[in-house]
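J.: Have a peek at model.pdb (PDB, C-alpha atoms and all ligand atoms).
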```
ATOM      1  CA  MET A   1       8.658   7.540  23.449
ATOM      2  CA  PRO A   2      11.768   7.929  21.270
ATOM      3  CA  SER A   3      14.194  10.367  22.887
ATOM      4  CA  THR A   4      15.866  11.475  19.668
ATOM      5  CA  SER A   5      14.546  12.967  16.439
ATOM      6  CA  PRO A   6      16.756  11.627  13.654
ATOM      7  CA  ILE A   7      16.410  12.099   9.913
ATOM      8  CA  GLY A   8      15.103   8.870   8.345
ATOM      9  CA  ILE A   9      16.706   7.676   5.105
ATOM     10  CA  PHE A  10      14.931   4.937   3.168
ATOM     11  CA  ASP A  11      15.778   2.708   0.225
ATOM     12  CA  SER A  12      14.645  -0.671  -1.053
ATOM     13  CA  GLY A  13      18.154  -1.928  -0.267
ATOM     14  CA  TYR A  14      21.682  -0.590  -0.273
ATOM     15  CA  GLY A  15      21.399   2.206  -2.854
ATOM     16  CA  GLY A  16      20.233   4.908  -0.446
ATOM     17  CA  LEU A  17      23.549   4.600   1.377
ATOM     18  CA  THR A  18      25.144   6.472  -1.557
ATOM     19  CA  ILE A  19      22.817   9.363  -0.723
ATOM     20  CA  LEU A  20      23.244   9.081   3.050
ATOM     21  CA  ARG A  21      27.014   9.178   2.598
ATOM     22  CA  GLU A  22      26.800  12.617   0.969
ATOM     23  CA  MET A  23      24.288  13.871   3.552
ATOM     24  CA  VAL A  24      26.521  12.824   6.424
ATOM     25  CA  SER A  25      29.461  14.512   4.761
ATOM     26  CA  ARG A  26      27.562  17.788   4.266
ATOM     27  CA  LEU A  27      25.423  17.721   7.434
ATOM     28  CA  PRO A  28      27.357  15.588   9.950
ATOM     29  CA  GLN A  29      25.792  17.093  13.050
ATOM     30  CA  TYR A  30      22.360  15.450  12.684
ATOM     31  CA  ASP A  31      21.285  11.958  13.767
ATOM     32  CA  TYR A  32      20.343   9.599  10.934
ATOM     33  CA  ILE A  33      18.452   6.297  10.803
ATOM     34  CA  TYR A  34      18.806   4.245   7.633
ATOM     35  CA  LEU A  35      16.405   1.463   6.620
ATOM     36  CA  GLY A  36      17.006  -0.865   3.683
ATOM     37  CA  ASP A  37      14.034  -3.068   2.808
ATOM     38  CA  ASN A  38      16.433  -5.693   1.421
ATOM     39  CA  ALA A  39      14.017  -8.561   2.047
ATOM     40  CA  ARG A  40      11.655  -7.122  -0.571
ATOM     41  CA  ALA A  41      14.202  -5.546  -2.962
ATOM     42  CA  PRO A  42      14.310  -4.860  -5.836
ATOM     43  CA  TYR A  43      11.371  -2.464  -6.000
ATOM     44  CA  GLY A  44      12.106  -1.515  -9.651
ATOM     45  CA  PRO A  45       9.975  -4.192 -11.361
ATOM     46  CA  ARG A  46       7.105  -4.059  -8.821
ATOM     47  CA  SER A  47       3.683  -2.475  -9.407
ATOM     48  CA  PHE A  48       2.743   1.021  -8.233
ATOM     49  CA  ASP A  49       0.465  -0.415  -5.588
ATOM     50  CA  THR A  50       3.107  -2.743  -4.151
ATOM     51  CA  VAL A  51       5.852  -0.085  -4.049
ATOM     52  CA  TYR A  52       3.407   2.342  -2.415
ATOM     53  CA  ARG A  53       2.316  -0.211   0.196
ATOM     54  CA  TYR A  54       5.885  -1.234   1.105
ATOM     55  CA  THR A  55       7.118   2.364   1.190
ATOM     56  CA  LEU A  56       4.238   3.576   3.356
ATOM     57  CA  GLN A  57       4.851   0.765   5.813
ATOM     58  CA  CYS A  58       8.518   1.765   6.092
ATOM     59  CA  VAL A  59       7.654   5.459   6.433
ATOM     60  CA  LYS A  60       5.337   4.621   9.367
ATOM     61  CA  TRP A  61       8.184   2.661  10.962
ATOM     62  CA  PHE A  62      10.434   5.743  10.745
ATOM     63  CA  PHE A  63       7.735   7.856  12.389
ATOM     64  CA  GLN A  64       7.533   5.341  15.258
ATOM     65  CA  LYS A  65      11.305   5.681  15.633
ATOM     66  CA  GLY A  66      10.793   9.420  16.207
ATOM     67  CA  CYS A  67      11.845  10.791  12.785
ATOM     68  CA  PRO A  68      10.158  14.117  11.997
ATOM     69  CA  LEU A  69      11.579  13.965   8.453
ATOM     70  CA  VAL A  70      12.039  10.990   6.127
ATOM     71  CA  VAL A  71      13.895  11.081   2.809
ATOM     72  CA  LEU A  72      13.015   8.397   0.257
ATOM     73  CA  ALA A  73      16.572   7.896  -1.051
ATOM     74  CA  CYS A  74      15.157   5.651  -3.756
ATOM     75  CA  ASN A  75      14.000   6.894  -7.143
ATOM     76  CA  THR A  76      11.518   4.058  -7.573
ATOM     77  CA  ALA A  77       9.785   4.805  -4.257
ATOM     78  CA  SER A  78       9.971   8.551  -4.981
ATOM     79  CA  ALA A  79       8.344   7.952  -8.378
ATOM     80  CA  LYS A  80       5.658   5.527  -7.287
ATOM     81  CA  ALA A  81       4.791   6.319  -3.670
ATOM     82  CA  LEU A  82       5.891   9.806  -2.594
ATOM     83  CA  ARG A  83       3.065  11.894  -4.007
ATOM     84  CA  THR A  84       0.306   9.711  -2.504
ATOM     85  CA  ILE A  85       2.045   9.634   0.866
ATOM     86  CA  GLN A  86       2.493  13.427   0.859
ATOM     87  CA  GLN A  87      -1.003  14.207  -0.396
ATOM     88  CA  ASN A  88      -3.136  11.507   1.275
ATOM     89  CA  ASP A  89      -1.382   9.725   4.089
ATOM     90  CA  LEU A  90       0.527  12.373   6.044
ATOM     91  CA  ALA A  91      -2.610  14.259   7.014
ATOM     92  CA  LYS A  92      -4.093  11.034   8.424
ATOM     93  CA  ILE A  93      -0.924   9.861  10.191
ATOM     94  CA  ASP A  94       0.618  13.090  11.526
ATOM     95  CA  SER A  95       0.552  16.335   9.574
ATOM     96  CA  SER A  96       3.637  17.644  11.377
ATOM     97  CA  LYS A  97       5.820  14.977   9.697
ATOM     98  CA  ARG A  98       7.576  15.488   6.365
ATOM     99  CA  VAL A  99       8.539  13.028   3.628
ATOM    100  CA  LEU A 100      10.827  14.095   0.767
ATOM    101  CA  GLY A 101      12.155  12.285  -2.300
ATOM    102  CA  VAL A 102      15.144  12.422  -4.634
ATOM    103  CA  ILE A 103      13.493  13.218  -7.973
ATOM    104  CA  ARG A 104      12.364  16.782  -7.281
ATOM    105  CA  PRO A 105      15.758  18.065  -6.009
ATOM    106  CA  THR A 106      17.471  16.536  -9.031
ATOM    107  CA  THR A 107      15.049  17.852 -11.637
ATOM    108  CA  GLU A 108      15.248  21.352 -10.123
ATOM    109  CA  VAL A 109      18.890  21.661 -11.202
ATOM    110  CA  ILE A 110      19.562  19.157 -13.974
ATOM    111  CA  GLY A 111      18.983  21.607 -16.829
ATOM    112  CA  ASN A 112      21.897  23.712 -15.552
ATOM    113  CA  TYR A 113      24.348  20.910 -16.327
ATOM    114  CA  SER A 114      23.435  20.558 -20.006
ATOM    115  CA  ASP A 115      24.498  22.850 -22.865
ATOM    116  CA  SER A 116      22.800  20.842 -25.621
ATOM    117  CA  LYS A 117      19.588  20.597 -23.544
ATOM    118  CA  HIS A 118      19.413  16.904 -24.370
ATOM    119  CA  VAL A 119      19.532  14.955 -21.106
ATOM    120  CA  GLY A 120      19.639  11.169 -20.648
ATOM    121  CA  ILE A 121      18.068   9.383 -17.694
ATOM    122  CA  LEU A 122      19.208   5.887 -16.682
ATOM    123  CA  ALA A 123      16.803   4.346 -14.170
ATOM    124  CA  THR A 124      14.837   1.292 -13.109
ATOM    125  CA  THR A 125      11.913   0.156 -15.226
ATOM    126  CA  GLY A 126       9.513   1.464 -12.578
ATOM    127  CA  THR A 127      11.001   4.953 -12.589
ATOM    128  CA  VAL A 128      11.013   5.104 -16.399
ATOM    129  CA  ILE A 129       7.406   3.888 -16.709
ATOM    130  CA  SER A 130       6.249   6.471 -14.142
ATOM    131  CA  ASN A 131       7.596   9.215 -16.458
ATOM    132  CA  SER A 132       8.359  11.236 -13.309
ATOM    133  CA  TYR A 133      11.624  12.630 -14.649
ATOM    134  CA  LYS A 134      10.058  13.825 -17.901
ATOM    135  CA  ILE A 135       7.128  15.425 -16.070
ATOM    136  CA  GLU A 136       9.254  17.144 -13.400
ATOM    137  CA  ILE A 137      12.030  18.350 -15.738
ATOM    138  CA  GLU A 138       9.395  19.856 -18.027
ATOM    139  CA  LYS A 139       8.236  22.034 -15.073
ATOM    140  CA  PHE A 140      11.681  23.487 -14.342
ATOM    141  CA  PHE A 141      13.373  23.316 -17.757
ATOM    142  CA  PRO A 142      10.744  23.213 -20.525
ATOM    143  CA  GLU A 143      13.509  23.625 -23.122
ATOM    144  CA  VAL A 144      15.211  20.360 -22.073
ATOM    145  CA  LYS A 145      14.542  17.172 -24.066
ATOM    146  CA  VAL A 146      14.570  14.068 -21.878
ATOM    147  CA  PHE A 147      15.597  10.608 -23.118
ATOM    148  CA  GLN A 148      15.035   7.671 -20.768
ATOM    149  CA  GLN A 149      16.507   4.191 -20.687
ATOM    150  CA  ALA A 150      15.425   1.455 -18.288
ATOM    151  CA  CYS A 151      18.324  -0.678 -17.019
ATOM    152  CA  PRO A 152      16.534  -3.661 -15.474
ATOM    153  CA  MET A 153      19.705  -5.717 -14.891
ATOM    154  CA  TRP A 154      21.784  -3.113 -13.095
ATOM    155  CA  VAL A 155      20.295  -3.267  -9.590
ATOM    156  CA  SER A 156      20.698  -7.055  -9.610
ATOM    157  CA  LEU A 157      24.341  -6.751 -10.698
ATOM    158  CA  VAL A 158      24.955  -4.367  -7.813
ATOM    159  CA  GLU A 159      22.929  -6.245  -5.168
ATOM    160  CA  ASN A 160      24.662  -9.501  -6.153
ATOM    161  CA  ASP A 161      28.149  -8.017  -5.987
ATOM    162  CA  GLU A 162      28.753  -8.506  -9.726
ATOM    163  CA  TYR A 163      29.226  -4.853 -10.595
ATOM    164  CA  THR A 164      33.002  -4.941 -11.033
ATOM    165  CA  GLY A 165      33.149  -8.295 -12.865
ATOM    166  CA  HIS A 166      33.332  -8.843 -16.614
ATOM    167  CA  GLY A 167      29.724 -10.045 -16.625
ATOM    168  CA  ALA A 168      28.567  -6.508 -15.914
ATOM    169  CA  ASP A 169      30.196  -5.079 -19.056
ATOM    170  CA  PHE A 170      27.627  -6.527 -21.464
ATOM    171  CA  PHE A 171      24.615  -4.943 -19.741
ATOM    172  CA  VAL A 172      26.345  -1.656 -19.003
ATOM    173  CA  LYS A 173      27.314  -1.260 -22.652
ATOM    174  CA  LYS A 174      23.889  -2.393 -23.885
ATOM    175  CA  TYR A 175      21.847   0.177 -21.935
ATOM    176  CA  ILE A 176      24.302   3.038 -22.536
ATOM    177  CA  ASN A 177      24.193   2.354 -26.285
ATOM    178  CA  GLU A 178      20.395   2.142 -26.235
ATOM    179  CA  LEU A 179      20.250   5.539 -24.535
ATOM    180  CA  ILE A 180      22.771   7.225 -26.812
ATOM    181  CA  ASP A 181      21.011   5.798 -29.900
ATOM    182  CA  GLN A 182      17.963   7.873 -28.908
ATOM    183  CA  SER A 183      19.848  11.158 -29.478
ATOM    184  CA  SER A 184      23.380  11.979 -30.569
ATOM    185  CA  SER A 185      23.061  15.363 -28.804
ATOM    186  CA  ILE A 186      22.846  14.027 -25.232
ATOM    187  CA  ASP A 187      25.608  15.774 -23.262
ATOM    188  CA  THR A 188      24.487  14.892 -19.709
ATOM    189  CA  ILE A 189      23.429  11.544 -18.263
ATOM    190  CA  LEU A 190      21.824  11.229 -14.832
ATOM    191  CA  LEU A 191      22.229   8.038 -12.825
ATOM    192  CA  ALA A 192      18.621   8.124 -11.614
ATOM    193  CA  CYS A 193      18.841   5.097  -9.362
ATOM    194  CA  THR A 194      20.711   5.242  -6.088
ATOM    195  CA  HIS A 195      22.364   1.869  -6.797
ATOM    196  CA  TYR A 196      24.056   3.032  -9.991
ATOM    197  CA  PRO A 197      26.991   5.025  -8.505
ATOM    198  CA  LEU A 198      28.630   1.649  -7.855
ATOM    199  CA  LEU A 199      28.641   1.037 -11.605
ATOM    200  CA  HIS A 200      30.036   4.507 -12.275
ATOM    201  CA  ASP A 201      33.466   3.350 -13.482
ATOM    202  CA  LYS A 202      32.005   0.906 -15.976
ATOM    203  CA  ILE A 203      29.371   3.408 -17.117
ATOM    204  CA  ARG A 204      32.153   5.955 -17.675
ATOM    205  CA  GLU A 205      34.136   3.415 -19.688
ATOM    206  CA  TYR A 206      31.288   2.856 -22.184
ATOM    207  CA  THR A 207      30.066   6.457 -22.379
ATOM    208  CA  PRO A 208      31.670   8.932 -24.823
ATOM    209  CA  ALA A 209      34.139  11.127 -22.917
ATOM    210  CA  ASP A 210      32.337  14.385 -23.758
ATOM    211  CA  ILE A 211      29.129  13.284 -21.958
ATOM    212  CA  LYS A 212      28.831  14.249 -18.272
ATOM    213  CA  ILE A 213      27.648  11.589 -15.838
ATOM    214  CA  LEU A 214      25.810  12.876 -12.786
ATOM    215  CA  ASN A 215      25.374  11.082  -9.454
ATOM    216  CA  GLN A 216      22.476  12.269  -7.309
ATOM    217  CA  GLY A 217      24.104  12.113  -3.883
ATOM    218  CA  GLU A 218      25.662  15.548  -3.787
ATOM    219  CA  ILE A 219      22.653  17.199  -5.419
ATOM    220  CA  VAL A 220      20.237  15.644  -2.898
ATOM    221  CA  ALA A 221      22.455  16.441   0.100
ATOM    222  CA  LYS A 222      22.749  20.075  -0.975
ATOM    223  CA  SER A 223      18.986  20.247  -1.445
ATOM    224  CA  LEU A 224      18.425  18.817   2.053
ATOM    225  CA  ALA A 225      20.699  21.490   3.545
ATOM    226  CA  ASN A 226      18.683  24.108   1.714
ATOM    227  CA  TYR A 227      15.370  22.571   2.847
ATOM    228  CA  LEU A 228      16.455  22.617   6.495
ATOM    229  CA  TYR A 229      17.530  26.245   6.156
ATOM    230  CA  ARG A 230      14.110  27.154   4.743
ATOM    231  CA  HIS A 231      12.194  25.071   7.326
ATOM    232  CA  PRO A 232      13.390  26.024  10.806
ATOM    233  CA  GLU A 233      10.250  24.413  12.296
ATOM    234  CA  ILE A 234      11.652  21.015  11.191
ATOM    235  CA  GLU A 235      15.354  21.781  11.604
ATOM    236  CA  SER A 236      14.934  22.968  15.192
ATOM    237  CA  ILE A 237      13.429  19.653  16.349
ATOM    238  CA  LEU A 238      16.086  17.401  14.760
ATOM    239  CA  SER A 239      18.479  15.896  17.275
ATOM    240  CA  GLN A 240      22.162  16.637  16.737
ATOM    241  CA  ASN A 241      24.401  13.987  18.315
ATOM    242  CA  SER A 242      25.969  12.707  15.062
ATOM    243  CA  ASP A 243      24.410   9.270  15.730
ATOM    244  CA  ARG A 244      23.929   6.810  12.856
ATOM    245  CA  GLU A 245      21.720   3.709  13.059
ATOM    246  CA  PHE A 246      21.274   1.176  10.284
ATOM    247  CA  TYR A 247      18.410  -1.303   9.895
ATOM    248  CA  THR A 248      17.650  -3.951   7.311
ATOM    249  CA  THR A 249      14.625  -6.183   6.812
ATOM    250  CA  ASP A 250      16.952  -9.017   5.722
ATOM    251  CA  SER A 251      20.216 -10.532   6.968
ATOM    252  CA  THR A 252      22.413  -8.163   8.972
ATOM    253  CA  GLU A 253      25.539 -10.164   8.001
ATOM    254  CA  ASP A 254      24.830  -9.620   4.295
ATOM    255  CA  PHE A 255      23.948  -6.000   4.889
ATOM    256  CA  ASP A 256      27.123  -5.226   6.806
ATOM    257  CA  ARG A 257      29.268  -7.026   4.214
ATOM    258  CA  HIS A 258      27.844  -5.076   1.254
ATOM    259  CA  ALA A 259      27.041  -1.776   2.878
ATOM    260  CA  ALA A 260      30.610  -0.526   3.195
ATOM    261  CA  ASP A 261      30.911  -0.403  -0.623
ATOM    262  CA  PHE A 262      27.960   1.989  -0.777
ATOM    263  CA  TYR A 263      28.553   3.982   2.386
ATOM    264  CA  GLY A 264      32.335   4.111   2.298
ATOM    265  CA  ALA A 265      32.718   2.998   5.920
ATOM    266  CA  GLY A 266      31.965  -0.059   8.042
ATOM    267  CA  ILE A 267      28.410  -0.538   9.294
ATOM    268  CA  ARG A 268      26.801  -2.602  12.071
ATOM    269  CA  SER A 269      23.140  -3.045  11.199
ATOM    270  CA  LEU A 270      20.142  -4.290  13.173
ATOM    271  CA  HIS A 271      17.353  -6.466  11.829
ATOM    272  CA  ILE A 272      13.681  -5.491  11.824
ATOM    273  CA  ASP A 273      10.649  -7.487  10.752
ATOM    274  CA  LEU A 274       7.888  -5.662   8.972
ATOM    275  CA  ASP A 275       4.556  -7.455   8.516
ATOM    276  CA  LYS A 276       4.563  -8.736   4.996
TER     277      LYS A 276
HETATM  278  N1  LIG B 301      17.766   2.277  -5.484
HETATM  279  C1  LIG B 301      16.467   2.276  -6.077
HETATM  280  C2  LIG B 301      16.257   3.534  -6.928
HETATM  281  O1  LIG B 301      16.905   4.552  -6.703
HETATM  282  C3  LIG B 301      16.090   1.090  -6.935
HETATM  283  C4  LIG B 301      16.408  -0.251  -6.457
HETATM  284  C5  LIG B 301      15.312  -1.237  -6.666
HETATM  285  O2  LIG B 301      14.931  -1.547  -7.810
HETATM  286  O3  LIG B 301      14.844  -1.699  -5.641
HETATM  287  O4  LIG B 301      15.435   3.505  -7.807
END
```
As structure tokens - that is how I would like this structure written.
T.:
Amino acid sequence: MPSTSPIGIFDSGYGGLTILREMVSRLPQYDYIYLGDNARAPYGPRSFDTVYRYTLQCVKWFFQKGCPLVVLACNTASAKALRTIQQNDLAKIDSSKRVLGVIRPTTEVIGNYSDSKHVGILATTGTVISNSYKIEIEKFFPEVKVFQQACPMWVSLVENDEYTGHGADFFVKKYINELIDQSSSIDTILLACTHYPLLHDKIREYTPADIKILNQGEIVAKSLANYLYRHPEIESILSQNSDREFYTTDSTEDFDRHAADFYGAGIRSLHIDLDK
């Protein structure tokens, strides 16, 4: 039996570390376990069924590690797997467990950042095709017009450590221009993939200066703090030793080498094998 009850943070790879970093900064007292499914990343181009199957498998792993609460710090998994897990699987596995995503907390506030009410979403192909952002923003801010642009090359640039090189400029400029061409009134752009904060400087360079660029980390961390405040039945069972554990389904050497860029501090990860 696990002796601690950490918060589980999941991503297909490294991107979720940009979210974990903000959570740890806002809520340092809790224990956190991070899992990157690097062996099967990227999730962005995969089918609904595959992303759901992989995500569910990882969520079950977190539950075995004793996590009462798991955050899918991945927009693609939040878009393609979260609802089914919440509505169908939790009741069968353990109805006391909770799984949250990153799309809902972001869409709850995004309209507040925009004056023109024209918002741009940059995301993986999977997230864009799911239409999750359009559907969720419509619920909270029906007056906001949403423009989406898939950026299929960006996760690969980041995962392959090419995000600061000149090669990245072409694809950063291309997708930004394709988004801005959809509406000249966009005044707020959301980086709706947890990998994209690493491209922030280049994205800023090719985006008109009067357009705001939002990262999700702070928004999601603030929302988690609020969730824990509203759910004392979950908060009270979380262990609070400030422990952090990191797991990857691929090479720990690669993970540790890249992870510091996302997390902002050195990491020693452990390897796990999930049945493929
Ligand atoms: N970081 C994930 C997200 O937020 C996407 C990475 C991937 O395609 O696996 O969507």
J.: Which residues, named as in the file, does the PyMOL selection byres (((not hetatm)) within 6 of (chain B and resi 301)) pick out? Answer as a list in words.
T.: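 Given this file, the PyMOL selection byres (((not hetatm)) within 6 of (chain B and resi 301)) evaluates to Ser12, Gly15, Ala41, Pro42, Tyr43, Gly44, Cys74, Asn75, Thr76, Thr124, Val155, Cys193, Thr194 and His195 of chain A.
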J.: For the interface of region 67-132 of chain A with region 233-250 of chain A (cut-off 10 Å, counting all atoms listed in the file), please tabulate each contacting residue of region 67-132 of chain A alongside its nearest pair of atoms and their separation in Å to one decimal, rows sorted by chain and increasing number, as a tab-separated table.
T.:
```
residue	atom	partner	partner_atom	distance
A:Cys67	CA	A:Leu238	CA	8.1
A:Pro68	CA	A:Ile234	CA	7.1
A:Leu69	CA	A:Ile234	CA	7.6
A:Ser96	CA	A:Ile234	CA	8.7
A:Lys97	CA	A:Ile234	CA	8.5
A:Arg98	CA	A:Ile234	CA	8.4
```
J.: Report the residues retrieved by the PyMOL selection byres (((chain A and resi 94) around 12) and not hetatm) from the displayed file, expressed as a list in words.
T.: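 Checking the PyMOL selection byres (((chain A and resi 94) around 12) and not hetatm) against this file, the residues are Val59, Lys60, Phe63, Gln64, Gly66, Cys67, Pro68, Leu69, Ile85, Gln86, Asn88, Asp89, Leu90, Ala91, Lys92, Ile93, Ser95, Ser96, Lys97, Arg98 and Val99 of chain A.
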J.: If you count only C-alpha atoms, which residues fall within 9 Å of Arg104 (chain A), apart from same-chain ones fewer than 6 positions away, as a list in words?
T.: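 These residues fall inside the cut-off: Ser78, Tyr133, Glu136 and Ile137 of chain A.
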J.: Using C-alpha atoms, can you export the residues from the last selection as a PDB file, in the frame of the given file?
T.:
```pdb
ATOM      1  CA  SER A  78       9.971   8.551  -4.981  1.00  0.00           C
ATOM      2  CA  TYR A 133      11.624  12.630 -14.649  1.00  0.00           C
ATOM      3  CA  GLU A 136       9.254  17.144 -13.400  1.00  0.00           C
ATOM      4  CA  ILE A 137      12.030  18.350 -15.738  1.00  0.00           C
TER       5      ILE A 137
END
```
J.: Could you tell me how far CA of Val71 (chain A) lies from CA of Leu100 (chain A), in Å and to one decimal?
T.: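 Interatomic distance, CA of Val71 (chain A) to CA of Leu100 (chain A): 4.8 Å.
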J.: Residues picked by the PyMOL selection byres (((chain A and resi 258) around 10) and not hetatm) here, as a list in words?
T.: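 What the PyMOL selection byres (((chain A and resi 258) around 10) and not hetatm) grabs from the file is Tyr14, Val158, Glu159, Asn160, Asp161, Thr252, Glu253, Asp254, Phe255, Asp256, Arg257, Ala259, Ala260, Asp261, Phe262, Tyr263, Gly266 and Ile267 of chain A.
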J.: Quick one: of A:Gly8, A:Pro28, A:Gly36, A:Gly13, who's nearest to Ile272 (chain A), counting only C-alpha atoms?
T.: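 Smallest separation from Ile272 (chain A) among the options: A:Gly36.
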J.: Choose the residue, out of A:Val24, A:Leu190, A:Leu56, A:Ala168, that has the smallest atom-to-atom separation from Leu72 (chain A); count all atoms listed in the file.
T.: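 So, comparing all the options, the nearest one is A:Leu56.
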J.: Identify, on the basis of only C-alpha atoms, every residue whose closest approach to Pro105 (chain A) does not exceed 8 Å; exclude the query and any residue fewer than 2 positions from it along the same chain; express the result as a PyMOL selection string.
T.: chain A and resi 101-103+107-109+219-220+223
